[in-house]
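Input: a single structure, listed below in structure tokens.
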Amino acid sequence: MTKFTKMTMATLLTSTMLTGAAMAESHVPEGVTLAEDQTFTYRQLDEFSSLDPQIVEDVDGSDVVRDLFEGLMNQEAEGNLVPGVATGYEVSDDKMTYTFTLRDNAKWSNGDPVTAGDFVYAWRRAADPETASPYQWFIELMSIEGGAEVIAGEAEPDTLGVTAIDDTTLEVKLSAPLPYFPQMTTHSTTFPSPQKVIEEHGDDWTKPENIVSNGAYVLTEHLPGERSVRERNEMYWDNENTVIDKTVAMVVNDENVALTRYLAGEFDRTDIPAGQYPRLKEEYPDEAVSFPRLCNYYYTFNVSDSGPEAFKDVNVRKALALAVDRDIIVEKVMQGGQPPAYTFTPAAVAGFEPPALDWAGMTQAERDQMAKDLLAEAGYGPDNPLSFEMVYNTSDAHEKVAVALSQMWKQKLGVQATLANMEWKVFLEERGNQNFELARGAWCGDYNEASTFLDLLDSASGYNDGKFSNERVDALLDEAKTSDDTTPLYTEVEQILYDEMPVIPIYHYAGVYMLDSDLGGWPTGNVEQNWYSKDLYKIAE
Amino acid sequence: MLIYIAKRILIAIPTLLILVIASFFLIHFAPGGPFTSERPLPPAVLANIEARYGLDQPLWKQLWDYLVNVFLHFDFGPSFKFKDRDVNDIIAQGFPISLTYGSLSFIAATLAGVSLGVWAAIKHNTWIDYFAVSLGIAAQALPNFIMGPILILVFTLWLGLLPGGGWNGGQWQYLIMPVIALSTSYMGNIARLTRSSMLEVMNSNFIRTARAKGLPTRAVIWRHAMKPTLLPVVSYLGPVFVYVLTGSVFVDLYFSTGGLGAAYVGSALTRDYAVLLGVTILYGGLTVIVNLLTDLAYAWFDPKIRY
Amino acid sequence: MVFGSSQKAAQLADDVTDVIPVRGRSLMHDAYTRFTRNKAAMGSVIVLGLIVLFVILGPLFAVWSNEEIDWDRMGAIAEQGAPSLENGHYFGLDELGRDLYSRVIQATRTSLLVGLVGAMTALIIGTAYGLVAGYVGGRVDSAMMRFVDILLAIPLTLVIILLLVIAGRSFFMLFVSLDAVGWLTMSRIVRAQTLSLKTREFIEAARAAGVPETTIMIRHILPNLIGVVIVYASLLVPEMILTESFISFLGLGISEPYTSLGKLIAEGAGTMAYGTIWQLLYPLFFYVTIIITMFFIGDGLRDALDPKDR
């Protein structure tokens, strides 16, 4: 056994969460003939906001940063942890100290070794108010000792609980035990950054001519609004096993145009517009794929003082939730293999077990009947019709769902829902200030654990737009932060959410892509869709 | 005339100043800020970010600092959304692109539109006229948000002749579709205006007289009819020129050209104050200059015009 | 032609005859006769009338309302959503399974109103503004035109967003925001024409004769502007119809279940490659028909009102 695998075995023993095995020598299955040209081209929705690992906040940018920089841990095709710059880690008995061992052959693209100091620099930089990263809160979320104080400007960045014991040993002290801490080291905020380069070039350090990175790729070209190119980093420690030579991200805003260009052979990957998956699956069975993702889609009631009186009645909330025919939404509107949602947390979340809720098992006719009864019980009917306004931000898909919902309610319950679309920032402002009655919402998990969703309904959460407040939910979520076995806690929270119905879960997301059949290794099993170009390969046709 | 030009340039400064101040307040009063996001930032984080961009200062102080930076240092500040780039960068990168396909589209639309319009007017009520009219209507009927996808469908997917988007430093293959998409509807409008203006001029007594005196039609048109015909067309071309130069959002979005149009509209939607103001100043400056040029052009088209 | 042989003299003479008789046969009556003699224009008026009639009477024949979803056919639009007389979806279904016949009728109603009222308002404001600026000239002209420059350059998106927040969503605010920009180019065109017209001898003659300035503007300059103004206004109609869809996108203006031609065309253009081309063709047909009728009506009006023709 090599030292490398021994170390991994050791961490497997100390950590219950680390389930990934060491990577095999090569990720290309036997018998596959690789194509001559190993260029992967994909469509990206929007110009990314930044390539600075501590600052990047959008999905498109994170995809690029994940190729350019490598953190302590990576994810494999199923989303399980595999070693990145760290070969493994140990946890102290009180679960408050993590010690990562870094590989000694990791290098920056300029040849400098990647050291524990680079991580210390990066993490302090992320927390430093001077950096003004929109992801500063991630350091606080990681429960790193002193994180909250540094962010609030009450303590210097160097008081952050992260230390380089030596060049290959990184010690992290937490302020509270956090079972999913290692998962969080796959997030771009925690990636190392090159101090020398940043100090030399300032904000310009991520430009292709200046950037130095430690991942499998280096940025060689960036034409904002058009494309960016990253090419093989010869200094990368696992360069030998990297197959893709060059990854090109093309910015195409319009998904229909992107699909046309995909079909013309310009891209290897693009998103499928809502409603087109069944047709494409039939025409291109090897290329159209759909798999669950860690995001939910819901409507939230405003149950605060500014909300309508009607929504303070749980029967009204339940009636509206029951009357939604989710099968129609997923099968006839979205049509992309999205699972219908009867819980707030997607079933695909690791370690989450949905409670046995009666409405999930009913037929829609039964749900509709129940909805009618509940609404009548609440005192609404033909003589006293319920009416309210539902808001969503302007987008074709959101509009379709909103129209379908309003029609379901109108036809089944005689409820008059007025639709109001808003420009994105106006929508956020109104929703965030409880200036709505019923509002669309969606959330994607920051990490693969139920709390990333359920925390939204904590009464103290800044994301709790409907201002739902339940003491038992708060207590359970609090307990889950330190508990060894969180599954029953989350299950109970979901049960309460069903009884109280502060939000109407509609569906959970699916990744719905066109993937060229000569592209291999796409991690469809990774519900967070954290993909790495180095794990992909192009097959000879 | 020189005095007039000098005056106009002097007036441009307060005009731009008013424009900047008005836009500044507009964007600050628009709901949602640059850092309003789906996951609201914790107050401490938001405070740090606002401090970094000076948004914690009183509004008048922010305005003053901004004006000082812009007018004294020619620095438009950092972008709030694209954190690795500043506004000068964004304009320097996007404007040349918009300028290239914009001026090509403008030239194409003007040449084709004016010739079509003049031709139609001369051959009034013949099949040439009907053909030109139908072409103009067809061009109007296909707004660029239909033209974009159709062109890509036909030339990229079906015929496989042209790349579906990108810029590649402005190679001709990448220019064709953006220029067609952007110029058609303007071409239709210009043809329309030219045709009716020409008809009117041809109908006026002095042209009738000139023709009655036996001057050849060609000479009448070129020597006497062209200038008055183009006078109203030029007024229409002014704003179009500015609009096309700063880029069209649709072209940038459909053809991934990386031009300034997408950046401009995007900055309004993301409340990227600095980018929006920077591009507005550019746009305003161009408007002022182009409108000055059109005013000067009027005097050329009709020498009797005095300001 | 007895005025002499020099071209200059001939032109002067013609310019003098350009003066409109202050009193005489009713101008409107004259114009009306000329307009009704124009076949293309009259044909267009009839077509436009038919569209209006269709918009009013069409709903009587609708089987489905504009918001009802055909649940059975929803989700299989490309296969089952094509136009059909049997199932009552004469124009087929939209992406969500709603009846396109009812939606096109409602959209045409909205867009006609938006296009006509929007263009008409822009025409009135722009003409009045440009006429005053051009005629008065000097500092007034300079100040008025710099104001137009500012408005041309101000980011429209923000203005609309602010209007939405301050005044709220309403049909009235939609017109306000459409006209916030619609009149600007019009005013520049009118001003340029006015600048040119006011140097003509017949205006100077009128002025020398002591005709009041306002009378000169209204009686002598305005009629000579009418040609270009009407043509530009007819160009504004399609522009207004399309701009509406952008404004609605920002949240001001119309909202589901109501729709407009611009919005339907944009939706149809998005899905045109997916075997549901009728979603583009029906709204486009009505849009194009409206543009064509506007073209000929505009031309007819221009001819009819042209003072030089009498």
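If you're wondering about the labels, chains in the structure tokens are A, B, ... by order shown, residues count from 1 in each chain, ligands from 1 in order shown.
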Using only C-alpha atoms, I'd like a table of the residues in chain B that come within 6 Å of chain C; for each, show the closest atom pair and its distance in Å rounded to one decimal, ordered by chain and ascending number, as CSV.
residue,atom,partner,partner_atom,distance
B:Leu19,CA,C:Ile150,CA,5.6
B:Ala30,CA,C:Leu162,CA,5.5
B:Ala141,CA,C:Val288,CA,5.7
B:Ile146,CA,C:Ala269,CA,5.6
B:Asn205,CA,C:Asp14,CA,5.3
B:Phe206,CA,C:Gln11,CA,4.9
B:Pro232,CA,C:Ile189,CA,5.5
B:Ser235,CA,C:Ile189,CA,5.0
B:Tyr283,CA,C:Ala153,CA,5.9
B:Gly284,CA,C:Ala153,CA,4.9
B:Ile305,CA,C:Ser196,CA,5.6
With N, CA and C atoms retained, could you export that selection as a PDB file, in the first residue's frame?
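File produced: selection_1.pdb:
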ATOM      1  N   LEU B  19     -26.858  65.192 -16.881  1.00  0.00           N
ATOM      2  CA  LEU B  19     -27.143  63.798 -17.209  1.00  0.00           C
ATOM      3  C   LEU B  19     -26.582  62.856 -16.138  1.00  0.00           C
ATOM      4  N   ALA B  30     -33.527  53.534  -7.441  1.00  0.00           N
ATOM      5  CA  ALA B  30     -34.131  52.291  -7.943  1.00  0.00           C
ATOM      6  C   ALA B  30     -34.029  51.235  -6.846  1.00  0.00           C
ATOM      7  N   ALA B 141     -40.789  44.059 -40.120  1.00  0.00           N
ATOM      8  CA  ALA B 141     -41.598  43.022 -39.489  1.00  0.00           C
ATOM      9  C   ALA B 141     -40.736  42.019 -38.747  1.00  0.00           C
ATOM     10  N   ILE B 146     -36.197  38.378 -33.487  1.00  0.00           N
ATOM     11  CA  ILE B 146     -36.553  37.235 -34.330  1.00  0.00           C
ATOM     12  C   ILE B 146     -35.415  36.955 -35.304  1.00  0.00           C
ATOM     13  N   ASN B 205     -43.171  72.361 -55.904  1.00  0.00           N
ATOM     14  CA  ASN B 205     -43.229  73.113 -57.151  1.00  0.00           C
ATOM     15  C   ASN B 205     -41.873  73.381 -57.782  1.00  0.00           C
ATOM     16  N   PHE B 206     -40.857  73.578 -56.923  1.00  0.00           N
ATOM     17  CA  PHE B 206     -39.589  73.946 -57.555  1.00  0.00           C
ATOM     18  C   PHE B 206     -38.992  72.768 -58.328  1.00  0.00           C
ATOM     19  N   PRO B 232     -34.999  65.345 -43.174  1.00  0.00           N
ATOM     20  CA  PRO B 232     -35.658  64.623 -42.081  1.00  0.00           C
ATOM     21  C   PRO B 232     -35.007  63.274 -41.793  1.00  0.00           C
ATOM     22  N   SER B 235     -32.198  63.636 -39.292  1.00  0.00           N
ATOM     23  CA  SER B 235     -32.632  63.779 -37.895  1.00  0.00           C
ATOM     24  C   SER B 235     -32.919  62.421 -37.277  1.00  0.00           C
ATOM     25  N   TYR B 283     -22.482  57.271 -23.612  1.00  0.00           N
ATOM     26  CA  TYR B 283     -23.664  57.368 -24.454  1.00  0.00           C
ATOM     27  C   TYR B 283     -24.091  58.839 -24.574  1.00  0.00           C
ATOM     28  N   GLY B 284     -24.101  59.541 -23.443  1.00  0.00           N
ATOM     29  CA  GLY B 284     -24.490  60.951 -23.426  1.00  0.00           C
ATOM     30  C   GLY B 284     -23.528  61.797 -24.248  1.00  0.00           C
ATOM     31  N   ILE B 305     -30.593  77.583 -43.304  1.00  0.00           N
ATOM     32  CA  ILE B 305     -30.778  77.399 -41.856  1.00  0.00           C
ATOM     33  C   ILE B 305     -29.686  78.152 -41.099  1.00  0.00           C
TER      34      ILE B 305
END
For this session: May I ask you to extract the residues of chain B within 6 Å of chain A, using only C-alpha atoms, and to give them as an NGL selection string?
Result: :B and (31-32 or 44 or 48-49 or 81-84 or 157 or 164 or 166 or 253 or 256-258)
For this session: Name the residues of range 75-229 of chain A that fall into alpha helix (DSSP H) according to DSSP on the backbone, using the chain letters and numbers of this document, as number ranges by chain.
Result: A: 116-127, 136-141, 147-151, 181-184, 195-201
For this session: Would you kindly report the residues of chain A within 6 Å of chain C, using only C-alpha atoms, as number ranges by chain?
Result: A: 332, 421-423
Selected residues, C-alpha atoms, written as an mmCIF file, in the first residue's frame, please.
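Written out: selection.cif:
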data_model
loop_
_atom_site.group_PDB
_atom_site.id
_atom_site.type_symbol
_atom_site.label_atom_id
_atom_site.label_comp_id
_atom_site.auth_asym_id
_atom_site.auth_seq_id
_atom_site.Cartn_x
_atom_site.Cartn_y
_atom_site.Cartn_z
ATOM 1 C CA LYS A 332 -46.234 18.899 -18.457
ATOM 2 C CA ASN A 421 -43.985 39.591 -12.432
ATOM 3 C CA MET A 422 -41.151 41.831 -11.360
ATOM 4 C CA GLU A 423 -37.674 42.652 -12.467
#
Problem set entry | Surrounding residues of Met42 in chain C excluding itself and chain neighbours under 2 positions, 12 Å, only C-alpha atoms, as number ranges by chain | C: 32-40, 44-49, 293-301, 304
For this session: Name all residues at most 8 Å from Ser183 in chain B (count only C-alpha atoms; drop same-chain ones fewer than 5 positions away) and give them as number ranges by chain.
Result: B: 105-106, 108-109
Same residues, N, CA and C atoms, output as a PDB file, in the first residue's frame:
ATOM      1  N   SER B 105     -23.168  48.232 -39.373  1.00  0.00           N
ATOM      2  CA  SER B 105     -24.618  48.120 -39.512  1.00  0.00           C
ATOM      3  C   SER B 105     -25.203  49.452 -39.920  1.00  0.00           C
ATOM      4  N   PHE B 106     -24.674  50.516 -39.335  1.00  0.00           N
ATOM      5  CA  PHE B 106     -25.191  51.848 -39.637  1.00  0.00           C
ATOM      6  C   PHE B 106     -24.968  52.183 -41.104  1.00  0.00           C
ATOM      7  N   ALA B 108     -24.439  50.081 -43.561  1.00  0.00           N
ATOM      8  CA  ALA B 108     -25.256  49.197 -44.387  1.00  0.00           C
ATOM      9  C   ALA B 108     -26.706  49.672 -44.404  1.00  0.00           C
ATOM     10  N   ALA B 109     -27.244  49.971 -43.218  1.00  0.00           N
ATOM     11  CA  ALA B 109     -28.654  50.363 -43.131  1.00  0.00           C
ATOM     12  C   ALA B 109     -28.883  51.669 -43.893  1.00  0.00           C
TER      13      ALA B 109
END
For this session: Could you give me, as a list of chain:residue names, the residues within 8 Å of Gly79 in chain A, counting only C-alpha atoms and dropping anything in the same chain fewer than 6 positions from it?
Result: A:Gly525, A:Asn526, A:Val527, A:Glu528, A:Asn530
For this session: Find the residue from A:Leu294, A:Leu170, A:Leu357, A:Ala371 that sits nearest to Val316 in chain A; use only C-alpha atoms when measuring.
Result: A:Ala371
Problem set entry | Test item: residues at most 9 Å from range 7-10 of chain B, only C-alpha atoms, excluding those fewer than 5 positions along its chain, as a PyMOL selection string | (chain B and resi 2+288-289+292) or (chain C and resi 142)
Exercise. Between CA of Gln75 in chain A and CA of Met142 in chain A, what is the spacing in Å?
Worked result: 17.8 Å
